[in-house]
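Here the structure comes first, spelled out in structure tokens, and everything after it is commentary.
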Amino acid sequence: MTNSPVDRDILIIGGGIFGAAVAYELARHGLGERVLVLERLQPAAGATSRAAALVTMVRDDAAQIALARQTFRTIAELENEFSEDIGRRTVGALHVAPASHLATLQARAEKAATQGIACTWLDQTAALARAPWLAPESFDHAVFFPDECYVEPYLFATALLRAAVSLGVRSETAEVTRIVVEAGRVWGIELADGRRRAASVVVNAAGAWANSLSVDLGLPLPMAPVRSQYWISEPAPIFPRDGAIVLMPAIRAYARPEVGALLFGIRERQPAVADARTLPADLGGFVFDPDDADGWANLAEGADELTPYFPALETLGIAHYLTGPSNYTPDRQLVVGAAPQIAGLFVASGCNGSGISFAGGVGRLIGELIRGATPFVDPLPSAPGRHGNFDPYSREFLAACAAARAQKTSG
Ligand SMILES: Cc1cc2nc3c(=O)[nH]c(=O)nc-3n(C[C@H](O)[C@H](O)[C@H](O)COP(=O)(O)OP(=O)(O)OC[C@H]3O[C@@H](n4cnc5c(N)ncnc54)[C@H](O)[C@@H]3O)c2cc1C
């Protein structure tokens, strides 16, 4: 076994959106020459390239709004300072609900007002102009957040990495098999080819696989990979390309335009969850439920609730079904921060299905913690060690993570 020289002493494991965002943030603060990103496949090969990629600020939790707001700033930097085009479409998000769920919309509008997020109530005609596929009788109230957007997630992650590399970061294709800890401090990492690399800082941004590098350190991460999924309809004239993102909180569903078609997702009542140890490195061909590999049973289950909003679902064909793992946590907080009792180890994970929205904020927060700067949001709620020692692979824990997704109604 050989040890590599310490020419780069900040190692980031994972080239998904979180690893890329941390690298970018460190590089912007002059640490690029110290950073090495280790990705075993290609950048964004994991959950990132599968995302529906809604980038939304409107949420219940003020700290999470701050994380998402930072993502909008990061996107603006990439576009303005690095001339990157990440496919951003600022079409706004329309939240619609029947009278029985008016309080949900009111709470969101009030939260937006206190957080300085633009927001306006629309009458039905104005709402339907932004989403002509919606059935008028399916909703009584509509509130519109004009600044919400969606992006192309592969382009977002690779733009972050390109910008980071232009500022000195290096990126390598390599599989990390172990994070090495000595005397309560991170020593470095071990690679699949047997090499070891010393480091003063290691960031575990290994997505759905992060627990496999963490449990053996006595740091089980409070999250599990839960199936996220969406469908894309056939194209139809009722889906204008500049149509709004639509959130339907009463049925835990969302939709957005996708080049003349509609991309839509429904959070099922009992989402499938995986034991992270069984996830293959390459998600191509991986299915959570071999009995429903094409997602038809799931779509049938959700169709009862969705069809009243989206009647064309009954007649339109489905062109694509896409699924992948998102790390959900029972308390719906992220898993982002410093490891307790292991100096130099940081975790950037636990996205709760919103990692694209949170990426800029997560990158900034981890960057601040590594640099010893004052964090812009309180890192305590997302502390990686907050559950103490427990079994992250137990059936009970996996069920609690799946339940968190079943209850999700935000973007
Ligand atoms: C179907 C679906 C829809 C979604 N829709 C949205 C949405 O609309 N909006 C939103 O904000 N979020 C959405 N998400 C969530 C979002 O995709 C994730 O939160 C985000 O991509 C997580 O990024 P990550 O970097 O943590 O993980 P990943 O993208 O999975 O990156 C982890 C990387 O680590 C690498 N890796 C793992 N282990 C090792 C190792 N040992 N050595 C080296 N490399 C390793 C992997 O190859 C991978 O590239 C969706 C997710 C899915 C699946």
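Ordering of the structure tokens sets the chain letters (A, B, ...); residue numbers start at 1 within each chain; ligands are numbered from 1 in the order shown.
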With the cut-off set at 6 Å and counting only C-alpha atoms and all ligand atoms, tabulate each residue of chain A with an atom at most that distance from an atom of ligand 1, showing the nearest atom pair and its distance in Å to one decimal, ordered by chain and increasing number, as a tab-separated table.
```
residue	atom	partner	partner_atom_place_in_ligand_line	distance
A:Ile13	CA	ligand 1	43 (C)	5.3
A:Gly14	CA	ligand 1	34 (O)	3.3
A:Gly15	CA	ligand 1	49 (O)	4.9
A:Gly16	CA	ligand 1	31 (O)	3.4
A:Ile17	CA	ligand 1	25 (O)	4.1
A:Phe18	CA	ligand 1	25 (O)	3.9
A:Gly19	CA	ligand 1	25 (O)	5.5
A:Leu38	CA	ligand 1	43 (C)	5.4
A:Glu39	CA	ligand 1	44 (N)	3.8
A:Arg40	CA	ligand 1	43 (C)	4.1
A:Leu41	CA	ligand 1	47 (O)	5.1
A:Pro43	CA	ligand 1	49 (O)	5.6
A:Ala44	CA	ligand 1	49 (O)	4.9
A:Ala45	CA	ligand 1	49 (O)	4.5
A:Gly46	CA	ligand 1	30 (O)	3.5
A:Ala47	CA	ligand 1	30 (O)	3.9
A:Thr48	CA	ligand 1	21 (O)	3.1
A:Arg50	CA	ligand 1	2 (C)	5.3
A:Ala51	CA	ligand 1	4 (C)	3.4
A:Ala52	CA	ligand 1	8 (O)	3.8
A:Ala53	CA	ligand 1	8 (O)	3.7
A:Leu54	CA	ligand 1	8 (O)	3.8
A:Val55	CA	ligand 1	11 (O)	5.6
A:Ala174	CA	ligand 1	43 (C)	5.8
A:Glu175	CA	ligand 1	42 (N)	3.7
A:Val176	CA	ligand 1	42 (N)	3.9
A:Thr177	CA	ligand 1	41 (N)	5.4
A:Ala205	CA	ligand 1	26 (O)	5.7
A:Ala206	CA	ligand 1	34 (O)	3.6
A:Gly207	CA	ligand 1	27 (O)	3.5
A:Ala208	CA	ligand 1	30 (O)	5.8
A:Trp209	CA	ligand 1	38 (N)	5.1
A:Ser228	CA	ligand 1	1 (C)	4.3
A:Gln229	CA	ligand 1	1 (C)	4.1
A:Tyr230	CA	ligand 1	1 (C)	5.9
A:Leu322	CA	ligand 1	1 (C)	5.9
A:Thr323	CA	ligand 1	1 (C)	4.5
A:Gly324	CA	ligand 1	53 (C)	3.6
A:Pro325	CA	ligand 1	53 (C)	4.6
A:Ser326	CA	ligand 1	53 (C)	5.2
A:Ser349	CA	ligand 1	26 (O)	4.9
A:Cys351	CA	ligand 1	19 (O)	4.4
A:Gly353	CA	ligand 1	15 (C)	3.9
A:Ser354	CA	ligand 1	11 (O)	3.1
A:Gly355	CA	ligand 1	19 (O)	3.0
A:Ile356	CA	ligand 1	11 (O)	3.4
A:Ser357	CA	ligand 1	11 (O)	3.9
```
**Request:** Pick out each residue of segment 224-318 of chain A that DSSP on the backbone tags as strand (DSSP E); I need them as a ChimeraX atom specification.
**Result:** /A:224-233,245-248,253-258,261-266,318
**Asked** Which neighbours of Ala274 of chain A fall inside 9 Å, counting only C-alpha atoms, when residues of the same chain fewer than 6 positions from it are skipped, and could you give them as an NGL selection string?
**Response** :A and (224-227 or 288 or 325 or 393 or 398)
**Request:** List the neighbours of Ala103 of chain A out to 12 Å using only C-alpha atoms; skip same-chain residues closer than 6 positions along the sequence, and give me the result as a PyMOL selection string.
**Result:** chain A and resi 96-97+109-110+141-143+249-250
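Closest approach to Trp231 of chain A from the set A:Leu128, A:Cys401, A:Met57, A:Ile266 is made by A:Ile266, with distances taken over only C-alpha atoms.
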**Request:** For Ala129 of chain A, please output as a PyMOL selection string all residues within 10 Å (counting only C-alpha atoms; exclusion window: fewer than 6 positions along the same chain).
**Result:** chain A and resi 240+243-244
